[in-house]
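I have placed the structure first, in the form of structure tokens, so that the comments after it can refer back to it.
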Amino acid sequence: MNRENLLIVADSEHDANMLYAARMFVPDPFIYLRIKGKCHLVMNDLEIDRSRQEARHCRIHSFTQCQKRMQREGLKKAATPELIRFLLRSARLKKIFVPYNFPFGLARELGRLEIKVKVRPGPLFPQREFKTAEEVKKISAALMMAEVGLAEGILALKNSKIGRNRRLMYNHVPLTSEKLRGIIGTAILQAGGVASHTIVAGGKQGGDPHEQGRGVLRANEPIILDVFPRSQKTGYFGDITRTVVKGRASEAVRQLYHTVEQGQELAFEQIKNKAHGRQVHQSVQQFFFQQGYKTGRIGGRMQGFFHGTGHGLGLEIHETPRISSTSTDILRTSHVVTVEPGLYYPELSGGVRLEDVALITGNGPRNLTKFEKVLEI
């Protein structure tokens with residue numbers, strides 16, 4: 001499968017497959033070719049020297065030098081489509097596999113130049129699903145960045161004072177979701193990561209799992225902190241969620257938290273080699289139902305447990321495999337997955353979610369997350 005001839009044209013800042021293939025960050029689109037199992041990169045003058053240092057596993061071609069060769073051979077036009085055709089014809093190829101998200105306009109131009117472009121079925125690099133020991137280290141490092149940011153956020157909550165109407169005050173001004181998100185993001189940046197769209201959702205806002213949070217935070221109600229930074233050095237992601245209450249949690253919130261904690265433990269017991277992602281999720285969902293927490297549309301909005309139990313983690317925040325109600329994936333040794341059950345009920349002042357990251361080994365899951373779980377702070 002790895003000897004399939006393959007073409008990618010993308011930047012590696014945003015395209016995980018290109019970053020996986022080239023192993024270096026490049027902000028502008030460039031050309032990757034895998035021909036007969038060998039890697040080729042076509043780089044502009046700005047990146048040519050750096051790529052020779054950082055992408056030693058590939059043969060590096062200068063875009064400028066390729067254009068000069070084309071001109072010497074009498075080819076008048078030497079833009080990207082013509083250059084790709086030139087390289088493929090040099091390798092005696094007239095067809096090439098491309099990823100699902102390959103630029104449509106470029107595909108049309110290649111077709112006009114009599115290069116047959118075919119979308120590769122399934123994942124472009126199936127091996128990305130299985131993390132090497134080196135990749136696990138990179139994910140763990142990104143996860144540590146997430147924990148550093150989370151620790152700073154929780155410290156700010158601990159040091160805040162409870163003011164009028166349960167408003168949290170920090171350094172004599174109201175502590176908002178936006179302010180706390182900035183504190184978390186700054187700590188992550190100093191640790192070598194970049195935090196984007198960090199969730200700091202207090203009270204009823206926490207009833208929407210992807211609500212980022214806004215406005216003043218308040219005491220005695222749950223605050224969901226979901227932190228998923230990307231390492232600036234490697235491009236790998238960390239992911240962690242904790243739910244905390246500044247002050248005293250109600251008995252209903254305590255019970256909700258305890259149930260989610262038990263649901264996560266149940267998932268950890270079941271995620272192992274050859275386990276079905278859907279069955280793991282259904283077990284957690286069934287446990288919540290047995291504890292009296294129903295899932296469905298109530299009062300016009302979804303409540304209960306209505307997202308997946310987990311997902312793969314790596315060069316993308318959401319990767320294969322999935323642990324959800326619609327998953328067809330089977331968990332395997334060397335998968336790295338999140339384990340993040342949650343329960344959401346607006347009448348109980350929002351929701352509770354807990355998330356750790358697990359490496360599946362031959363002896364079961366190994367929790368890569370070190371951060372403690374404490375409800376009241």
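Residues are named by chain letter and number: chains run A, B, ... in the order of the structure tokens, numbers start at 1 in each chain, and ligands are numbered from 1 in the order shown.
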
Contacts of A:Leu189 at 10 Å (only C-alpha atoms; same-chain gap of 3+ positions) as a PyMOL selection string: chain A and resi 145+148-149+184-186+192-195+229-232

Those residues you just picked out, can you put them in a file as a PDB file, in the first residue's frame with C-alpha atoms?
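again-v1.pdb written:
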ATOM      1  CA  MET A 145       1.141  21.698  27.923  1.00  0.00           C
ATOM      2  CA  VAL A 148       0.102  23.389  32.568  1.00  0.00           C
ATOM      3  CA  GLY A 149      -2.593  25.671  31.158  1.00  0.00           C
ATOM      4  CA  ILE A 184      -4.839  29.350  30.302  1.00  0.00           C
ATOM      5  CA  GLY A 185      -3.669  30.271  26.797  1.00  0.00           C
ATOM      6  CA  THR A 186      -0.760  32.367  28.059  1.00  0.00           C
ATOM      7  CA  GLY A 192       5.527  25.774  23.842  1.00  0.00           C
ATOM      8  CA  GLY A 193       1.956  25.212  22.698  1.00  0.00           C
ATOM      9  CA  VAL A 194      -0.894  27.117  21.087  1.00  0.00           C
ATOM     10  CA  ALA A 195      -4.369  26.956  22.596  1.00  0.00           C
ATOM     11  CA  PRO A 229      -3.459  22.793  22.624  1.00  0.00           C
ATOM     12  CA  ARG A 230      -1.171  22.009  19.719  1.00  0.00           C
ATOM     13  CA  SER A 231       2.571  21.743  20.180  1.00  0.00           C
ATOM     14  CA  GLN A 232       4.328  24.466  18.193  1.00  0.00           C
TER      15      GLN A 232
END

Test item: residues at most 12 Å from A:Ile31, only C-alpha atoms, excluding those fewer than 3 positions along its chain, as a VMD selection string: chain A and resid 6 to 12 18 to 19 21 to 22 26 28 34 39 to 44 58 to 63 80 to 81 83 to 85 87 98 102 106

Would you export the selected residues with N, CA, C and O atoms as a CSV table (one decimal), in the first residue's frame, please?
chain,number,residue,atom,x,y,z
A,6,LEU,N,1.5,8.7,-5.1
A,6,LEU,CA,0.6,9.7,-4.4
A,6,LEU,C,1.1,11.1,-4.6
A,6,LEU,O,2.3,11.4,-4.6
A,7,LEU,N,0.1,12.0,-4.7
A,7,LEU,CA,0.4,13.5,-4.8
A,7,LEU,C,-0.4,14.2,-3.8
A,7,LEU,O,-1.6,14.0,-3.6
A,8,ILE,N,0.3,15.1,-3.1
A,8,ILE,CA,-0.4,16.1,-2.2
A,8,ILE,C,0.1,17.5,-2.5
A,8,ILE,O,1.3,17.7,-2.7
A,9,VAL,N,-0.8,18.4,-2.6
A,9,VAL,CA,-0.4,19.8,-2.7
A,9,VAL,C,-1.2,20.6,-1.7
A,9,VAL,O,-2.4,20.8,-1.7
A,10,ALA,N,-0.5,21.0,-0.6
A,10,ALA,CA,-1.1,21.7,0.5
A,10,ALA,C,0.0,22.3,1.4
A,10,ALA,O,1.2,22.0,1.2
A,11,ASP,N,-0.3,23.1,2.3
A,11,ASP,CA,0.6,23.5,3.3
A,11,ASP,C,0.6,22.6,4.5
A,11,ASP,O,-0.4,21.9,4.7
A,12,SER,N,1.7,22.5,5.2
A,12,SER,CA,1.7,21.5,6.4
A,12,SER,C,1.4,22.2,7.7
A,12,SER,O,1.4,21.5,8.7
A,18,MET,N,-0.1,16.3,5.1
A,18,MET,CA,1.1,16.8,4.6
A,18,MET,C,2.2,16.9,5.7
A,18,MET,O,3.4,16.7,5.4
A,19,LEU,N,1.8,17.3,6.9
A,19,LEU,CA,2.8,17.4,8.0
A,19,LEU,C,3.3,16.0,8.3
A,19,LEU,O,4.5,15.8,8.5
A,21,ALA,N,3.6,13.6,6.2
A,21,ALA,CA,4.5,13.1,5.1
A,21,ALA,C,5.8,13.9,5.1
A,21,ALA,O,6.9,13.3,4.9
A,22,ALA,N,5.8,15.2,5.3
A,22,ALA,CA,7.0,16.0,5.1
A,22,ALA,C,7.7,16.2,6.4
A,22,ALA,O,9.0,16.4,6.4
A,26,VAL,N,5.5,24.1,6.9
A,26,VAL,CA,5.6,25.0,5.8
A,26,VAL,C,4.3,25.8,5.7
A,26,VAL,O,3.2,25.1,5.5
A,28,ASP,N,3.0,27.8,3.3
A,28,ASP,CA,2.4,27.9,2.0
A,28,ASP,C,2.3,26.5,1.3
A,28,ASP,O,3.2,25.6,1.6
A,34,ARG,N,4.9,10.8,-3.7
A,34,ARG,CA,5.5,9.5,-3.4
A,34,ARG,C,5.4,8.7,-4.7
A,34,ARG,O,4.4,8.4,-5.2
A,39,CYS,N,9.9,9.4,-1.3
A,39,CYS,CA,9.3,10.7,-1.1
A,39,CYS,C,10.1,11.8,-1.8
A,39,CYS,O,11.3,11.8,-1.8
A,40,HIS,N,9.3,12.7,-2.5
A,40,HIS,CA,9.9,13.8,-3.2
A,40,HIS,C,9.1,15.1,-2.7
A,40,HIS,O,7.9,15.1,-2.6
A,41,LEU,N,9.8,16.2,-2.4
A,41,LEU,CA,9.2,17.5,-2.1
A,41,LEU,C,9.8,18.5,-3.1
A,41,LEU,O,10.9,18.5,-3.4
A,42,VAL,N,8.8,19.3,-3.6
A,42,VAL,CA,9.2,20.4,-4.5
A,42,VAL,C,9.0,21.7,-3.7
A,42,VAL,O,7.9,22.1,-3.3
A,43,MET,N,10.1,22.4,-3.4
A,43,MET,CA,10.1,23.6,-2.5
A,43,MET,C,10.5,24.8,-3.3
A,43,MET,O,11.4,24.8,-4.1
A,44,ASN,N,10.0,26.0,-2.8
A,44,ASN,CA,10.4,27.2,-3.4
A,44,ASN,C,11.8,27.6,-2.8
A,44,ASN,O,12.3,27.0,-1.8
A,58,CYS,N,13.3,12.7,2.4
A,58,CYS,CA,12.8,13.0,1.1
A,58,CYS,C,13.9,13.5,0.2
A,58,CYS,O,14.8,14.1,0.6
A,59,ARG,N,13.7,13.3,-1.1
A,59,ARG,CA,14.5,14.0,-2.1
A,59,ARG,C,13.9,15.4,-2.3
A,59,ARG,O,12.7,15.5,-2.6
A,60,ILE,N,14.7,16.4,-2.2
A,60,ILE,CA,14.2,17.8,-2.3
A,60,ILE,C,14.5,18.3,-3.7
A,60,ILE,O,15.6,18.2,-4.2
A,61,HIS,N,13.5,18.9,-4.3
A,61,HIS,CA,13.6,19.5,-5.7
A,61,HIS,C,13.3,21.0,-5.5
A,61,HIS,O,12.4,21.4,-4.8
A,62,SER,N,14.1,21.8,-6.2
A,62,SER,CA,13.9,23.2,-6.3
A,62,SER,C,12.8,23.5,-7.3
A,62,SER,O,13.0,23.1,-8.5
A,63,PHE,N,11.8,24.2,-6.9
A,63,PHE,CA,10.8,24.7,-7.9
A,63,PHE,C,11.4,25.5,-9.0
A,63,PHE,O,11.1,25.2,-10.2
A,80,THR,N,2.4,25.4,-11.5
A,80,THR,CA,2.4,24.2,-10.7
A,80,THR,C,1.8,23.0,-11.5
A,80,THR,O,2.4,21.9,-11.4
A,81,PRO,N,0.7,23.1,-12.2
A,81,PRO,CA,0.1,21.9,-12.9
A,81,PRO,C,1.1,21.4,-13.9
A,81,PRO,O,1.3,20.1,-14.0
A,83,LEU,N,4.4,21.7,-13.9
A,83,LEU,CA,5.5,21.2,-13.2
A,83,LEU,C,5.2,19.8,-12.7
A,83,LEU,O,6.1,18.9,-12.8
A,84,ILE,N,4.0,19.6,-12.2
A,84,ILE,CA,3.6,18.3,-11.7
A,84,ILE,C,3.6,17.3,-12.8
A,84,ILE,O,4.1,16.1,-12.7
A,85,ARG,N,3.1,17.7,-14.0
A,85,ARG,CA,3.0,16.8,-15.2
A,85,ARG,C,4.5,16.5,-15.6
A,85,ARG,O,4.8,15.3,-15.9
A,87,LEU,N,7.2,16.3,-13.8
A,87,LEU,CA,7.8,15.3,-12.8
A,87,LEU,C,7.2,13.9,-13.0
A,87,LEU,O,7.9,12.9,-13.0
A,98,VAL,N,-4.6,11.0,-5.2
A,98,VAL,CA,-4.6,12.2,-4.4
A,98,VAL,C,-5.5,12.0,-3.2
A,98,VAL,O,-6.4,11.1,-3.2
A,102,PHE,N,-8.1,17.1,-2.1
A,102,PHE,CA,-7.2,17.7,-3.1
A,102,PHE,C,-7.9,18.9,-3.8
A,102,PHE,O,-9.1,18.8,-4.1
A,106,LEU,N,-7.0,22.4,-9.3
A,106,LEU,CA,-5.7,21.8,-9.7
A,106,LEU,C,-6.0,20.5,-10.3
A,106,LEU,O,-5.3,20.1,-11.3

Given only C-alpha atoms as the counted atoms, nearest of A:Val284, A:Val337, A:Tyr293, A:Lys246 to A:Lys158: A:Lys246

DSSP alpha helix (DSSP H) residues within stretch 101-230 of chain A, as a ChimeraX atom specification: /A:104-112,133-159,177-190

Just write the chosen residues, C-alpha atoms, as a compact mmCIF listing (two decimals), in the first residue's frame.
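Output file part-v1.txt is given in full below:
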# COMPACT_ATOMS: atom_id res chain seq x y z
CA PHE A 104 -10.54 20.73 -7.34
CA GLY A 105 -9.18 23.42 -9.64
CA LEU A 106 -5.74 21.82 -9.70
CA ALA A 107 -7.27 18.41 -10.39
CA ARG A 108 -9.09 19.91 -13.42
CA GLU A 109 -5.88 21.47 -14.71
CA LEU A 110 -4.03 18.16 -14.38
CA GLY A 111 -6.84 16.44 -16.21
CA ARG A 112 -6.53 18.99 -19.02
CA ALA A 133 6.63 5.30 20.74
CA GLU A 134 8.02 8.61 19.45
CA GLU A 135 4.54 9.86 18.60
CA VAL A 136 3.25 8.88 22.04
CA LYS A 137 6.02 11.02 23.54
CA LYS A 138 4.95 13.96 21.36
CA ILE A 139 1.30 13.57 22.36
CA SER A 140 2.31 13.29 26.02
CA ALA A 141 4.35 16.49 25.69
CA ALA A 142 1.36 18.32 24.20
CA LEU A 143 -0.84 16.88 26.94
CA MET A 144 1.58 18.26 29.52
CA MET A 145 1.14 21.70 27.92
CA ALA A 146 -2.62 21.28 28.33
CA GLU A 147 -2.14 20.36 31.99
CA VAL A 148 0.10 23.39 32.57
CA GLY A 149 -2.59 25.67 31.16
CA LEU A 150 -5.34 23.93 33.11
CA ALA A 151 -3.35 24.23 36.34
CA GLU A 152 -2.98 27.99 35.85
CA GLY A 153 -6.69 28.29 35.15
CA ILE A 154 -7.68 26.38 38.26
CA LEU A 155 -5.19 28.37 40.35
CA ALA A 156 -6.88 31.58 39.18
CA LEU A 157 -10.25 30.15 40.20
CA LYS A 158 -8.86 29.13 43.60
CA ASN A 159 -7.44 32.61 44.15
CA SER A 177 -14.64 33.14 30.73
CA GLU A 178 -12.64 35.30 28.35
CA LYS A 179 -10.16 36.34 31.05
CA LEU A 180 -9.68 32.79 32.29
CA ARG A 181 -9.24 31.55 28.73
CA GLY A 182 -6.48 34.12 28.31
CA ILE A 183 -4.74 32.96 31.51
CA ILE A 184 -4.84 29.35 30.30
CA GLY A 185 -3.67 30.27 26.80
CA THR A 186 -0.76 32.37 28.06
CA ALA A 187 0.53 29.52 30.22
CA ILE A 188 0.29 27.11 27.29
CA LEU A 189 2.11 29.53 24.99
CA GLN A 190 4.96 29.81 27.51

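The residues of stretch 29-68 of chain A that DSSP classifies as strand (DSSP E or B), using the backbone of this structure, are Phe30, Ile31, Tyr32, Leu33, Arg34, Ile35, Lys38, Cys39, His40, Leu41, Val42, Met43, Arg59, Ile60, His61 and Ser62 of chain A.
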
Residue subset to file, keeping all heavy atoms, as a short mmCIF file (atom, residue, chain, number, x, y, z; two decimals), in the first residue's frame:
data_model
loop_
_atom_site.label_atom_id
_atom_site.label_comp_id
_atom_site.auth_asym_id
_atom_site.auth_seq_id
_atom_site.Cartn_x
_atom_site.Cartn_y
_atom_site.Cartn_z
N PHE A 30 2.87 23.39 -0.97
CA PHE A 30 4.00 22.86 -1.73
C PHE A 30 3.63 21.47 -2.24
O PHE A 30 2.54 20.97 -1.96
CB PHE A 30 5.29 22.85 -0.89
CG PHE A 30 5.24 22.01 0.35
CD1 PHE A 30 5.83 20.75 0.40
CD2 PHE A 30 4.61 22.48 1.50
CE1 PHE A 30 5.80 19.98 1.54
CE2 PHE A 30 4.57 21.71 2.66
CZ PHE A 30 5.16 20.46 2.68
N ILE A 31 4.53 20.88 -2.99
CA ILE A 31 4.22 19.61 -3.67
C ILE A 31 4.93 18.46 -2.96
O ILE A 31 6.14 18.51 -2.73
CB ILE A 31 4.66 19.66 -5.14
CG1 ILE A 31 3.92 20.77 -5.88
CG2 ILE A 31 4.44 18.31 -5.83
CD1 ILE A 31 4.50 21.07 -7.26
N TYR A 32 4.13 17.43 -2.64
CA TYR A 32 4.68 16.16 -2.14
C TYR A 32 4.32 15.08 -3.15
O TYR A 32 3.16 14.97 -3.58
CB TYR A 32 4.07 15.82 -0.78
CG TYR A 32 4.28 14.37 -0.34
CD1 TYR A 32 5.41 14.00 0.37
CD2 TYR A 32 3.33 13.39 -0.65
CE1 TYR A 32 5.60 12.68 0.77
CE2 TYR A 32 3.52 12.07 -0.26
CZ TYR A 32 4.64 11.72 0.45
OH TYR A 32 4.83 10.42 0.84
N LEU A 33 5.31 14.29 -3.52
CA LEU A 33 5.09 13.14 -4.40
C LEU A 33 5.68 11.89 -3.76
O LEU A 33 6.82 11.92 -3.28
CB LEU A 33 5.74 13.37 -5.76
CG LEU A 33 5.00 14.26 -6.76
CD1 LEU A 33 5.94 14.65 -7.90
CD2 LEU A 33 3.76 13.55 -7.31
N ARG A 34 4.92 10.83 -3.74
CA ARG A 34 5.46 9.52 -3.40
C ARG A 34 5.43 8.69 -4.67
O ARG A 34 4.36 8.37 -5.18
CB ARG A 34 4.64 8.84 -2.29
CG ARG A 34 5.29 7.54 -1.80
CD ARG A 34 4.50 6.94 -0.65
NE ARG A 34 3.20 6.47 -1.08
CZ ARG A 34 2.16 6.26 -0.27
NH1 ARG A 34 2.29 6.52 1.02
NH2 ARG A 34 1.02 5.82 -0.74
N ILE A 35 6.62 8.40 -5.19
CA ILE A 35 6.73 7.66 -6.44
C ILE A 35 7.54 6.40 -6.18
O ILE A 35 8.68 6.45 -5.74
CB ILE A 35 7.42 8.52 -7.53
CG1 ILE A 35 6.58 9.78 -7.81
CG2 ILE A 35 7.61 7.71 -8.80
CD1 ILE A 35 7.22 10.73 -8.77
N LYS A 38 9.11 6.20 -2.79
CA LYS A 38 10.10 7.20 -2.38
C LYS A 38 9.46 8.59 -2.33
O LYS A 38 8.65 8.94 -3.18
CB LYS A 38 11.30 7.19 -3.33
CG LYS A 38 12.10 5.89 -3.27
CD LYS A 38 13.33 5.93 -4.16
CE LYS A 38 14.13 4.64 -4.06
NZ LYS A 38 15.34 4.66 -4.91
N CYS A 39 9.88 9.37 -1.35
CA CYS A 39 9.31 10.68 -1.08
C CYS A 39 10.06 11.77 -1.85
O CYS A 39 11.29 11.80 -1.84
CB CYS A 39 9.36 10.95 0.42
SG CYS A 39 9.07 12.66 0.89
N HIS A 40 9.30 12.67 -2.47
CA HIS A 40 9.87 13.83 -3.17
C HIS A 40 9.11 15.08 -2.71
O HIS A 40 7.88 15.07 -2.64
CB HIS A 40 9.72 13.70 -4.69
CG HIS A 40 10.38 12.48 -5.26
ND1 HIS A 40 11.61 12.51 -5.88
CD2 HIS A 40 9.98 11.17 -5.28
CE1 HIS A 40 11.93 11.30 -6.28
NE2 HIS A 40 10.96 10.46 -5.93
N LEU A 41 9.84 16.17 -2.43
CA LEU A 41 9.25 17.45 -2.11
C LEU A 41 9.76 18.48 -3.10
O LEU A 41 10.95 18.53 -3.40
CB LEU A 41 9.62 17.90 -0.69
CG LEU A 41 9.21 17.00 0.48
CD1 LEU A 41 9.67 17.62 1.79
CD2 LEU A 41 7.70 16.76 0.49
N VAL A 42 8.84 19.32 -3.58
CA VAL A 42 9.22 20.42 -4.46
C VAL A 42 9.03 21.71 -3.67
O VAL A 42 7.91 22.06 -3.29
CB VAL A 42 8.37 20.45 -5.74
CG1 VAL A 42 8.84 21.57 -6.66
CG2 VAL A 42 8.43 19.10 -6.46
N MET A 43 10.12 22.42 -3.41
CA MET A 43 10.10 23.58 -2.53
C MET A 43 10.55 24.84 -3.26
O MET A 43 11.39 24.78 -4.15
CB MET A 43 11.02 23.35 -1.32
CG MET A 43 10.75 22.04 -0.59
SD MET A 43 9.07 21.92 0.02
CE MET A 43 9.27 22.51 1.68
N ARG A 59 13.65 13.31 -1.12
CA ARG A 59 14.49 13.98 -2.11
C ARG A 59 13.89 15.37 -2.34
O ARG A 59 12.70 15.50 -2.64
CB ARG A 59 14.53 13.20 -3.42
CG ARG A 59 15.42 13.86 -4.47
CD ARG A 59 15.44 13.06 -5.76
NE ARG A 59 16.23 13.78 -6.78
CZ ARG A 59 16.33 13.39 -8.04
NH1 ARG A 59 15.74 12.27 -8.45
NH2 ARG A 59 17.05 14.10 -8.90
N ILE A 60 14.71 16.40 -2.21
CA ILE A 60 14.23 17.78 -2.32
C ILE A 60 14.51 18.32 -3.72
O ILE A 60 15.65 18.24 -4.21
CB ILE A 60 14.89 18.69 -1.26
CG1 ILE A 60 14.76 18.06 0.14
CG2 ILE A 60 14.30 20.08 -1.31
CD1 ILE A 60 13.34 17.83 0.60
N HIS A 61 13.47 18.87 -4.34
CA HIS A 61 13.60 19.47 -5.66
C HIS A 61 13.34 20.97 -5.54
O HIS A 61 12.42 21.40 -4.85
CB HIS A 61 12.59 18.87 -6.65
CG HIS A 61 12.68 17.39 -6.78
ND1 HIS A 61 13.41 16.76 -7.78
CD2 HIS A 61 12.14 16.39 -6.04
CE1 HIS A 61 13.31 15.46 -7.66
NE2 HIS A 61 12.53 15.20 -6.61
N SER A 62 14.10 21.76 -6.22
CA SER A 62 13.90 23.21 -6.27
C SER A 62 12.85 23.53 -7.33
O SER A 62 12.98 23.13 -8.49
CB SER A 62 15.21 23.92 -6.60
OG SER A 62 14.97 25.24 -7.04
#

Minimum-distance residue to A:Asp329, chosen among A:Gln303, A:Thr176, A:Asn363, A:Asn273 (using only C-alpha atoms): A:Asn273

A:Thr361 surroundings by only C-alpha atoms, 12 Å radius, close-in-sequence under 4 positions cut, as an NGL selection string: :A and (130-133 or 136 or 271-274 or 331-337 or 365-368)

Leaving out A:Asp239 and any residue of its chain fewer than 6 positions from it, which residues lie within 8 Å of it when counting only C-alpha atoms, given as a JSON list (two decimals) with all heavy atoms, in the first residue's frame?
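Saved as part_22.json:
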[["chain", "number", "residue", "atom", "x", "y", "z"],
["A", 143, "LEU", "N", 0.10, 17.05, 25.83],
["A", 143, "LEU", "CA", -0.84, 16.88, 26.94],
["A", 143, "LEU", "C", -0.32, 17.58, 28.18],
["A", 143, "LEU", "O", -1.09, 18.19, 28.95],
["A", 143, "LEU", "CB", -1.05, 15.39, 27.20],
["A", 143, "LEU", "CG", -2.07, 14.99, 28.26],
["A", 143, "LEU", "CD1", -3.44, 15.58, 27.96],
["A", 143, "LEU", "CD2", -2.16, 13.47, 28.36],
["A", 146, "ALA", "N", -1.21, 21.10, 27.96],
["A", 146, "ALA", "CA", -2.62, 21.28, 28.33],
["A", 146, "ALA", "C", -2.78, 21.31, 29.85],
["A", 146, "ALA", "O", -3.53, 22.12, 30.41],
["A", 146, "ALA", "CB", -3.47, 20.17, 27.72],
["A", 226, "ASP", "N", -12.13, 22.76, 29.10],
["A", 226, "ASP", "CA", -11.69, 21.81, 28.08],
["A", 226, "ASP", "C", -10.55, 22.46, 27.30],
["A", 226, "ASP", "O", -10.74, 23.45, 26.59],
["A", 226, "ASP", "CB", -12.86, 21.47, 27.15],
["A", 226, "ASP", "CG", -12.56, 20.30, 26.22],
["A", 226, "ASP", "OD1", -11.39, 19.94, 26.06],
["A", 226, "ASP", "OD2", -13.52, 19.74, 25.64],
["A", 227, "VAL", "N", -9.34, 21.87, 27.44],
["A", 227, "VAL", "CA", -8.12, 22.48, 26.91],
["A", 227, "VAL", "C", -7.47, 21.51, 25.93],
["A", 227, "VAL", "O", -7.18, 20.37, 26.29],
["A", 227, "VAL", "CB", -7.15, 22.82, 28.06],
["A", 227, "VAL", "CG1", -5.97, 23.62, 27.55],
["A", 227, "VAL", "CG2", -7.86, 23.57, 29.18],
["A", 228, "PHE", "N", -7.22, 21.98, 24.70],
["A", 228, "PHE", "CA", -6.70, 21.06, 23.67],
["A", 228, "PHE", "C", -5.67, 21.78, 22.80],
["A", 228, "PHE", "O", -5.90, 22.08, 21.63],
["A", 228, "PHE", "CB", -7.83, 20.50, 22.80],
["A", 228, "PHE", "CG", -8.93, 21.47, 22.50],
["A", 228, "PHE", "CD1", -8.95, 22.17, 21.31],
["A", 228, "PHE", "CD2", -9.95, 21.69, 23.41],
["A", 228, "PHE", "CE1", -9.96, 23.07, 21.02],
["A", 228, "PHE", "CE2", -10.97, 22.59, 23.13],
["A", 228, "PHE", "CZ", -10.98, 23.28, 21.93],
["A", 229, "PRO", "N", -4.48, 22.05, 23.36],
["A", 229, "PRO", "CA", -3.46, 22.79, 22.62],
["A", 229, "PRO", "C", -2.71, 21.94, 21.62],
["A", 229, "PRO", "O", -2.69, 20.71, 21.69],
["A", 229, "PRO", "CB", -2.52, 23.26, 23.74],
["A", 229, "PRO", "CG", -2.60, 22.15, 24.73],
["A", 229, "PRO", "CD", -4.03, 21.68, 24.71],
["A", 317, "ILE", "N", -6.98, 17.03, 16.17],
["A", 317, "ILE", "CA", -7.64, 16.92, 17.46],
["A", 317, "ILE", "C", -8.68, 15.80, 17.45],
["A", 317, "ILE", "O", -8.92, 15.16, 18.46],
["A", 317, "ILE", "CB", -8.27, 18.27, 17.88],
["A", 317, "ILE", "CG1", -8.77, 18.21, 19.33],
["A", 317, "ILE", "CG2", -9.39, 18.67, 16.93],
["A", 317, "ILE", "CD1", -7.70, 18.02, 20.36],
["A", 338, "THR", "N", -9.06, 9.67, 23.37],
["A", 338, "THR", "CA", -9.59, 10.38, 24.53],
["A", 338, "THR", "C", -10.70, 9.54, 25.15],
["A", 338, "THR", "O", -11.33, 8.71, 24.48],
["A", 338, "THR", "CB", -10.16, 11.75, 24.15],
["A", 338, "THR", "OG1", -11.31, 11.56, 23.31],
["A", 338, "THR", "CG2", -9.12, 12.59, 23.42],
["A", 355, "GLU", "N", -12.26, 14.33, 30.97],
["A", 355, "GLU", "CA", -11.55, 13.78, 29.81],
["A", 355, "GLU", "C", -10.09, 13.50, 30.13],
["A", 355, "GLU", "O", -9.37, 14.37, 30.61],
["A", 355, "GLU", "CB", -11.63, 14.77, 28.64],
["A", 355, "GLU", "CG", -10.89, 14.32, 27.39],
["A", 355, "GLU", "CD", -10.94, 15.36, 26.30],
["A", 355, "GLU", "OE1", -11.14, 16.55, 26.61],
["A", 355, "GLU", "OE2", -10.76, 14.98, 25.12],
["A", 356, "ASP", "N", -9.68, 12.26, 29.86],
["A", 356, "ASP", "CA", -8.29, 11.85, 29.92],
["A", 356, "ASP", "C", -7.90, 11.27, 28.56],
["A", 356, "ASP", "O", -8.75, 11.05, 27.70],
["A", 356, "ASP", "CB", -8.08, 10.79, 31.01],
["A", 356, "ASP", "CG", -8.22, 11.35, 32.42],
["A", 356, "ASP", "OD1", -8.19, 12.58, 32.56],
["A", 356, "ASP", "OD2", -8.39, 10.55, 33.35],
["A", 357, "VAL", "N", -6.62, 11.00, 28.39],
["A", 357, "VAL", "CA", -6.10, 10.42, 27.14],
["A", 357, "VAL", "C", -5.47, 9.07, 27.45],
["A", 357, "VAL", "O", -4.69, 8.95, 28.40],
["A", 357, "VAL", "CB", -5.07, 11.35, 26.48],
["A", 357, "VAL", "CG1", -4.47, 10.69, 25.24],
["A", 357, "VAL", "CG2", -5.70, 12.69, 26.12]]

For A:His258: contacts at 12 Å, only C-alpha atoms, fewer than 5 positions along chain excluded, given as a VMD selection string: chain A and resid 243 249 251 to 253 263 to 265 288 291 341 to 343 352 to 354 373 to 375

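Computed from the coordinates, the atom CA of A:Glu319 to atom CA of A:His14 distance equals 14.4 Å.
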
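For A:Pro123, the non-local neighbours within 10 Å, defined as residues at least 3 positions apart in the same chain or in other chains and counting only C-alpha atoms, are Asn17, Pro99, Tyr100, Arg120, Pro126, Gln127, Arg128, Glu129 and Thr320 of chain A.
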
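Rounded to one decimal, atom CA of A:Lys95 and atom CA of A:Pro121 lie 15.1 Å from each other.
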
Using only C-alpha atoms: which of A:Phe25, A:Ala267, A:His281, A:Gly238 has the shortest distance to A:Gly364: A:Ala267

Atom CA of A:Glu221 to atom CA of A:Val173, distance in Å rounded to a single decimal: 19.3 Å
